[in-house]
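Shown next: coords.pdb, containing PDB, C-alpha atoms.
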```
ATOM      1  CA  MET I  19      -9.448 -27.968  32.095
ATOM      2  CA  ALA I  20     -12.535 -30.836  32.933
ATOM      3  CA  ALA I  21     -15.198 -32.575  34.811
ATOM      4  CA  ALA I  22     -14.290 -35.555  36.897
ATOM      5  CA  LEU I  23     -14.681 -35.130  40.602
ATOM      6  CA  LEU I  24     -13.047 -36.080  43.844
ATOM      7  CA  CYS I  25     -14.546 -35.789  47.294
ATOM      8  CA  VAL I  26     -12.454 -33.267  49.197
ATOM      9  CA  ALA I  27     -12.861 -30.959  52.155
ATOM     10  CA  CYS I  28     -13.951 -27.923  50.186
ATOM     11  CA  SER I  29     -17.028 -25.878  49.440
ATOM     12  CA  SER I  30     -19.716 -27.104  47.053
ATOM     13  CA  SER I  31     -19.895 -23.985  44.921
ATOM     14  CA  GLY I  32     -17.076 -25.114  42.624
ATOM     15  CA  ASP I  33     -16.320 -21.498  41.738
ATOM     16  CA  ALA I  34     -12.735 -20.989  40.717
ATOM     17  CA  ALA I  35     -10.551 -18.097  39.696
ATOM     18  CA  GLY I  36     -11.300 -15.850  36.792
ATOM     19  CA  PRO I  37     -10.831 -16.945  33.184
ATOM     20  CA  PRO I  38      -7.364 -17.438  31.789
ATOM     21  CA  GLY I  39      -5.801 -14.625  29.816
ATOM     22  CA  GLN I  40      -6.418 -14.465  26.126
ATOM     23  CA  HIS I  41      -3.710 -13.674  23.598
ATOM     24  CA  GLY I  42      -4.591 -11.725  20.487
ATOM     25  CA  THR I  43      -2.665 -11.158  17.290
ATOM     26  CA  ASP I  44      -2.591  -8.233  14.938
ATOM     27  CA  GLY I  45      -5.075  -8.630  12.125
ATOM     28  CA  PRO I  46      -4.348  -8.007   8.453
ATOM     29  CA  ALA I  47      -4.203  -4.482   7.147
ATOM     30  CA  ALA I  48      -7.514  -3.082   5.949
ATOM     31  CA  SER I  49      -8.100  -3.287   2.237
ATOM     32  CA  PRO I  50      -9.532  -0.415   0.175
ATOM     33  CA  ALA I  51     -13.318  -0.192   0.106
ATOM     34  CA  ALA I  52     -14.982  -1.822  -2.862
ATOM     35  CA  ALA I  53     -16.422   0.442  -5.542
ATOM     36  CA  PRO I  54     -20.217   0.884  -5.353
ATOM     37  CA  THR I  55     -22.287  -1.337  -7.630
ATOM     38  CA  THR I  56     -23.857   0.172 -10.729
ATOM     39  CA  THR I  57     -27.339  -0.893  -9.571
ATOM     40  CA  GLY I  58     -27.171   1.396  -6.551
ATOM     41  CA  ARG I  59     -28.486  -1.413  -4.300
ATOM     42  CA  PRO I  60     -26.323  -2.560  -1.350
ATOM     43  CA  THR I  61     -24.991  -6.089  -1.444
ATOM     44  CA  VAL I  62     -25.124  -8.494   1.511
ATOM     45  CA  PRO I  63     -22.221 -10.898   2.121
ATOM     46  CA  PRO I  64     -23.351 -14.521   1.619
ATOM     47  CA  GLN I  65     -22.352 -15.538   5.158
ATOM     48  CA  LEU I  66     -24.669 -12.912   6.636
ATOM     49  CA  ARG I  67     -27.589 -14.114   4.531
ATOM     50  CA  GLU I  68     -26.947 -17.666   5.759
ATOM     51  CA  CYS I  69     -26.760 -16.569   9.403
ATOM     52  CA  GLY I  70     -30.185 -14.985   9.139
ATOM     53  CA  ARG I  71     -31.771 -18.374   8.438
ATOM     54  CA  GLN I  72     -30.369 -20.077  11.534
ATOM     55  CA  PRO I  73     -31.650 -19.405  15.063
ATOM     56  CA  ALA I  74     -29.044 -18.243  17.541
ATOM     57  CA  PRO I  75     -28.397 -20.734  20.357
ATOM     58  CA  PRO I  76     -29.756 -19.630  23.765
ATOM     59  CA  PRO I  77     -27.360 -18.815  26.620
ATOM     60  CA  LEU I  78     -26.483 -22.090  28.304
ATOM     61  CA  ASP I  79     -27.044 -20.708  31.805
ATOM     62  CA  GLN I  80     -30.698 -20.348  30.823
ATOM     63  CA  LEU I  81     -31.194 -24.090  30.374
ATOM     64  CA  SER I  82     -33.438 -25.512  33.073
ATOM     65  CA  TRP I  83     -33.203 -29.004  34.548
ATOM     66  CA  SER I  84     -34.484 -31.082  37.456
ATOM     67  CA  ALA I  85     -32.715 -33.294  39.991
ATOM     68  CA  PRO I  86     -33.420 -36.979  39.282
ATOM     69  CA  ASP I  87     -35.551 -39.008  41.676
ATOM     70  CA  GLY I  88     -33.461 -40.341  44.539
ATOM     71  CA  PHE I  89     -30.784 -37.624  44.223
ATOM     72  CA  ALA I  90     -30.156 -34.514  46.310
ATOM     73  CA  THR I  91     -27.728 -31.592  46.121
ATOM     74  CA  ALA I  92     -24.525 -32.121  48.065
ATOM     75  CA  GLY I  93     -21.306 -30.401  49.085
ATOM     76  CA  GLY I  94     -17.746 -31.566  49.617
ATOM     77  CA  PHE I  95     -16.801 -31.851  45.942
ATOM     78  CA  THR I  96     -14.635 -29.933  43.513
ATOM     79  CA  GLN I  97     -13.486 -30.273  39.908
ATOM     80  CA  ILE I  98     -10.064 -31.927  39.716
ATOM     81  CA  ALA I  99      -9.441 -31.049  36.061
ATOM     82  CA  PRO I 100     -11.790 -28.243  34.970
ATOM     83  CA  LEU I 101     -12.070 -27.293  31.328
ATOM     84  CA  GLU I 102     -11.549 -23.634  32.270
ATOM     85  CA  GLU I 103     -10.637 -21.897  35.524
ATOM     86  CA  GLU I 104     -13.915 -19.995  35.858
ATOM     87  CA  TYR I 105     -17.014 -22.128  36.457
ATOM     88  CA  THR I 106     -20.044 -22.755  38.639
ATOM     89  CA  ALA I 107     -21.113 -26.266  39.587
ATOM     90  CA  THR I 108     -24.014 -28.097  41.202
ATOM     91  CA  TYR I 109     -23.405 -31.582  42.642
ATOM     92  CA  LEU I 110     -26.038 -34.288  43.151
ATOM     93  CA  THR I 111     -25.541 -37.550  45.021
ATOM     94  CA  PRO I 112     -27.797 -40.607  45.382
ATOM     95  CA  GLU I 113     -29.708 -40.835  48.652
ATOM     96  CA  SER I 114     -28.493 -44.414  49.025
ATOM     97  CA  ALA I 115     -24.807 -43.555  49.110
ATOM     98  CA  GLY I 116     -22.362 -46.403  48.573
ATOM     99  CA  ALA I 117     -18.747 -46.817  49.554
ATOM    100  CA  GLY I 118     -17.408 -45.143  46.416
ATOM    101  CA  VAL I 119     -17.672 -41.634  44.985
ATOM    102  CA  GLU I 120     -20.984 -41.575  43.106
ATOM    103  CA  VAL I 121     -22.074 -38.133  41.912
ATOM    104  CA  LEU I 122     -23.753 -36.147  39.126
ATOM    105  CA  VAL I 123     -22.498 -32.641  38.395
ATOM    106  CA  VAL I 124     -23.725 -29.808  36.171
ATOM    107  CA  VAL I 125     -20.885 -27.377  35.402
ATOM    108  CA  HIS I 126     -21.254 -24.098  33.518
ATOM    109  CA  TYR I 127     -18.155 -22.550  31.942
ATOM    110  CA  PRO I 128     -19.159 -18.971  31.003
ATOM    111  CA  ASN I 129     -15.927 -17.920  29.282
ATOM    112  CA  VAL I 130     -14.292 -20.307  26.836
ATOM    113  CA  PRO I 131     -11.578 -18.436  24.901
ATOM    114  CA  ASP I 132     -11.218 -20.999  22.120
ATOM    115  CA  PRO I 133     -13.433 -20.170  19.095
ATOM    116  CA  LEU I 134     -15.716 -23.223  19.078
ATOM    117  CA  THR I 135     -18.377 -21.623  16.868
ATOM    118  CA  ASP I 136     -18.291 -19.775  13.565
ATOM    119  CA  GLU I 137     -19.388 -16.205  12.823
ATOM    120  CA  CYS I 138     -23.038 -17.278  12.904
ATOM    121  CA  GLY I 139     -22.750 -18.966  16.280
ATOM    122  CA  GLN I 140     -22.922 -22.431  14.735
ATOM    123  CA  VAL I 141     -20.727 -25.116  16.291
ATOM    124  CA  ASP I 142     -17.481 -25.970  14.511
ATOM    125  CA  ARG I 143     -17.054 -29.664  15.323
ATOM    126  CA  LYS I 144     -13.407 -29.796  14.312
ATOM    127  CA  ARG I 145     -12.578 -26.957  16.697
ATOM    128  CA  VAL I 146     -14.514 -28.634  19.514
ATOM    129  CA  ASP I 147     -12.780 -31.967  18.903
ATOM    130  CA  ALA I 148      -9.363 -30.261  18.971
ATOM    131  CA  TYR I 149     -10.241 -28.353  22.163
ATOM    132  CA  LEU I 150     -11.345 -31.529  23.963
ATOM    133  CA  SER I 151      -8.347 -33.463  22.657
ATOM    134  CA  ASP I 152      -5.985 -30.880  24.186
ATOM    135  CA  TRP I 153      -7.863 -31.146  27.493
ATOM    136  CA  HIS I 154      -7.710 -34.959  27.449
ATOM    137  CA  GLU I 155      -3.961 -34.887  26.909
ATOM    138  CA  SER I 156      -3.229 -32.316  29.610
ATOM    139  CA  ALA I 157      -5.525 -33.983  32.193
ATOM    140  CA  GLY I 158      -4.409 -37.578  31.528
ATOM    141  CA  ILE I 159      -7.810 -38.694  30.237
ATOM    142  CA  THR I 160      -8.600 -41.530  27.847
ATOM    143  CA  THR I 161     -12.070 -41.693  26.318
ATOM    144  CA  SER I 162     -14.424 -44.210  24.767
ATOM    145  CA  ALA I 163     -17.912 -44.093  23.252
ATOM    146  CA  SER I 164     -17.306 -40.555  21.998
ATOM    147  CA  ASP I 165     -19.933 -39.145  19.634
ATOM    148  CA  TRP I 166     -22.036 -36.085  18.829
ATOM    149  CA  THR I 167     -25.549 -35.808  20.210
ATOM    150  CA  GLU I 168     -28.109 -33.161  21.258
ATOM    151  CA  VAL I 169     -29.326 -31.887  24.616
ATOM    152  CA  ALA I 170     -32.435 -29.681  24.669
ATOM    153  CA  GLY I 171     -32.025 -29.371  20.889
ATOM    154  CA  LEU I 172     -28.456 -28.057  21.222
ATOM    155  CA  PRO I 173     -25.272 -29.714  19.875
ATOM    156  CA  ALA I 174     -23.273 -31.679  22.427
ATOM    157  CA  VAL I 175     -20.425 -34.170  22.671
ATOM    158  CA  HIS I 176     -20.895 -37.368  24.665
ATOM    159  CA  GLU I 177     -17.930 -39.369  25.932
ATOM    160  CA  VAL I 178     -16.949 -41.835  28.650
ATOM    161  CA  GLU I 179     -13.799 -40.726  30.458
ATOM    162  CA  HIS I 180     -11.126 -42.646  32.371
ATOM    163  CA  TYR I 181      -8.527 -40.738  34.391
ATOM    164  CA  THR I 182      -4.990 -42.006  34.798
ATOM    165  CA  GLY I 183      -4.494 -43.350  38.333
ATOM    166  CA  ARG I 184      -8.177 -42.961  39.291
ATOM    167  CA  SER I 185     -10.643 -45.754  40.050
ATOM    168  CA  PHE I 186     -13.804 -43.944  38.935
ATOM    169  CA  THR I 187     -15.476 -43.696  35.521
ATOM    170  CA  VAL I 188     -17.152 -40.535  34.244
ATOM    171  CA  ASP I 189     -19.916 -40.338  31.629
ATOM    172  CA  SER I 190     -19.851 -36.746  30.320
ATOM    173  CA  THR I 191     -22.025 -34.747  27.953
ATOM    174  CA  ILE I 192     -20.665 -31.330  26.919
ATOM    175  CA  VAL I 193     -23.187 -28.863  25.473
ATOM    176  CA  VAL I 194     -21.497 -26.295  23.227
ATOM    177  CA  GLY I 195     -22.613 -22.671  23.153
ATOM    178  CA  ARG I 196     -21.166 -19.445  21.813
ATOM    179  CA  GLY I 197     -18.147 -18.786  24.020
ATOM    180  CA  GLU I 198     -19.434 -21.087  26.768
ATOM    181  CA  LEU I 199     -19.924 -24.746  27.676
ATOM    182  CA  LEU I 200     -22.321 -26.680  29.897
ATOM    183  CA  MET I 201     -20.982 -30.026  31.071
ATOM    184  CA  VAL I 202     -23.034 -32.798  32.691
ATOM    185  CA  SER I 203     -20.729 -35.406  34.215
ATOM    186  CA  CYS I 204     -21.942 -38.582  35.876
ATOM    187  CA  GLN I 205     -19.319 -40.361  37.968
ATOM    188  CA  TRP I 206     -19.400 -43.767  39.586
ATOM    189  CA  THR I 207     -17.128 -46.143  41.419
ATOM    190  CA  ASP I 208     -19.549 -48.854  42.560
ATOM    191  CA  GLN I 209     -23.124 -47.845  41.599
ATOM    192  CA  GLU I 210     -22.967 -47.689  37.812
ATOM    193  CA  ASP I 211     -26.644 -48.590  37.284
ATOM    194  CA  VAL I 212     -27.850 -45.945  39.762
ATOM    195  CA  ILE I 213     -25.641 -43.211  38.298
ATOM    196  CA  ARG I 214     -26.444 -44.038  34.674
ATOM    197  CA  ALA I 215     -30.200 -43.974  35.396
ATOM    198  CA  GLY I 216     -29.915 -40.646  37.212
ATOM    199  CA  CYS I 217     -27.719 -39.232  34.445
ATOM    200  CA  ALA I 218     -30.255 -40.134  31.746
ATOM    201  CA  GLU I 219     -33.083 -38.567  33.779
ATOM    202  CA  LEU I 220     -31.094 -35.377  34.377
ATOM    203  CA  LEU I 221     -30.174 -34.935  30.709
ATOM    204  CA  GLY I 222     -33.733 -35.735  29.640
ATOM    205  CA  SER I 223     -35.101 -32.999  31.901
ATOM    206  CA  MET I 224     -33.014 -30.232  30.306
ATOM    207  CA  THR I 225     -34.973 -27.654  28.338
ATOM    208  CA  ALA I 226     -34.297 -24.218  26.899
ATOM    209  CA  ARG I 227     -36.299 -21.517  28.707
TER     210      ARG I 227
END
```

Could you write out this structure as structure tokens?
Amino acid sequence: MAAALLCVACSSSGDAAGPPGQHGTDGPAASPAAAPTTTGRPTVPPQLRECGRQPAPPPLDQLSWSAPDGFATAGGFTQIAPLEEEYTATYLTPESAGAGVEVLVVVHYPNVPDPLTDECGQVDRKRVDAYLSDWHESAGITTSASDWTEVAGLPAVHEVEHYTGRSFTVDSTIVVGRGELLMVSCQWTDQEDVIRAGCAELLGSMTAR
């Protein structure tokens, strides 16, 4: 599971193995069908009526964004603690590279098995918080400045991450979709001001197509 980065001798695609296996459980036995109403008109479950009033979130891989000024795509990076095994990633580094590992990354996780949304596709914040908490624990991450926000009008979690035994800091924003996540992580060792400015420009450029 995650989003911090380390410069390694690897390809820049960031693609990993397929998604982890999912484990299902037997559902409850079916109950007898309800008797028809005397009015003869079909009834609509309340949750379906509510879903009809809320727009479905767009697929996260359809969000568009632009590289910030002074940044260019780069290779030689990989995710050291991805949220899920299957992902695609784009890495951006400042043109004035410093001595540390300074990088922005946009990571799309297309298959997230945990149910982070309800039947209507609306985000369940408690489920998201629990999912991220499990990832933090398994990856040795402590966080600060964690809160809910929006990116391109979509719900997202913002947090600042610190990895055990690592010298870098990562400012991450995780956009939550239906069965998928889009994570923008902005990592610095020495150039905090440069990375924070580029991160804000990148997030501000994101729009739904």

Exercise. Carefully work through the PyMOL selection byres ((chain I and resi 85) around 12) for this structure and note down the residues it includes, as a ChimeraX atom specification.
Key: /I:82-84,86-92,108-113,121-124,215-224

Quiz item: When the PyMOL selection byres ((chain I and resi 169) around 9) is applied to the file above, which residues end up in the set, as a PyMOL selection string?
Solution: chain I and resi 167-168+170-174+191-193+221-222+224-225

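Counting all atoms listed in the file, the residue from I:Arg143, I:His176, I:His154, I:Arg227 that sits nearest to Asp79 of chain I is I:Arg227.
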
Practice problem: Write out as a ChimeraX atom specification which residues come within 9 Å of Val146 of chain I when counting only C-alpha atoms, dropping same-chain ones fewer than 2 positions away. | Solution: /I:132-135,141-144,148-151,175,194

Quiz item: How many Å separate atom CA of Val178 of chain I from atom CA of Ile98 of chain I?
Solution: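 Calculated distance between atom CA of Val178 of chain I and atom CA of Ile98 of chain I is 16.4 Å.
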
Practice problem: Would you work out the distance separating atom CA of Val119 of chain I from atom CA of Ser190 of chain I, expressed in Å to one decimal? | Solution: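 One can read the atom CA of Val119 of chain I to atom CA of Ser190 of chain I distance as 15.6 Å.
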
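Taking atom CA of Thr161 of chain I and atom CA of Tyr181 of chain I as the two end points, the separation is 8.9 Å.
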
Exercise. List the residues matched by the PyMOL selection byres ((chain I and resi 157-159) around 7) in the displayed structure as a list in words, ordered by chain and then by residue number.
Key: Ala99, Trp153, His154, Glu155, Ser156, Thr160, Thr161, Glu179, His180, Tyr181 and Thr182 of chain I
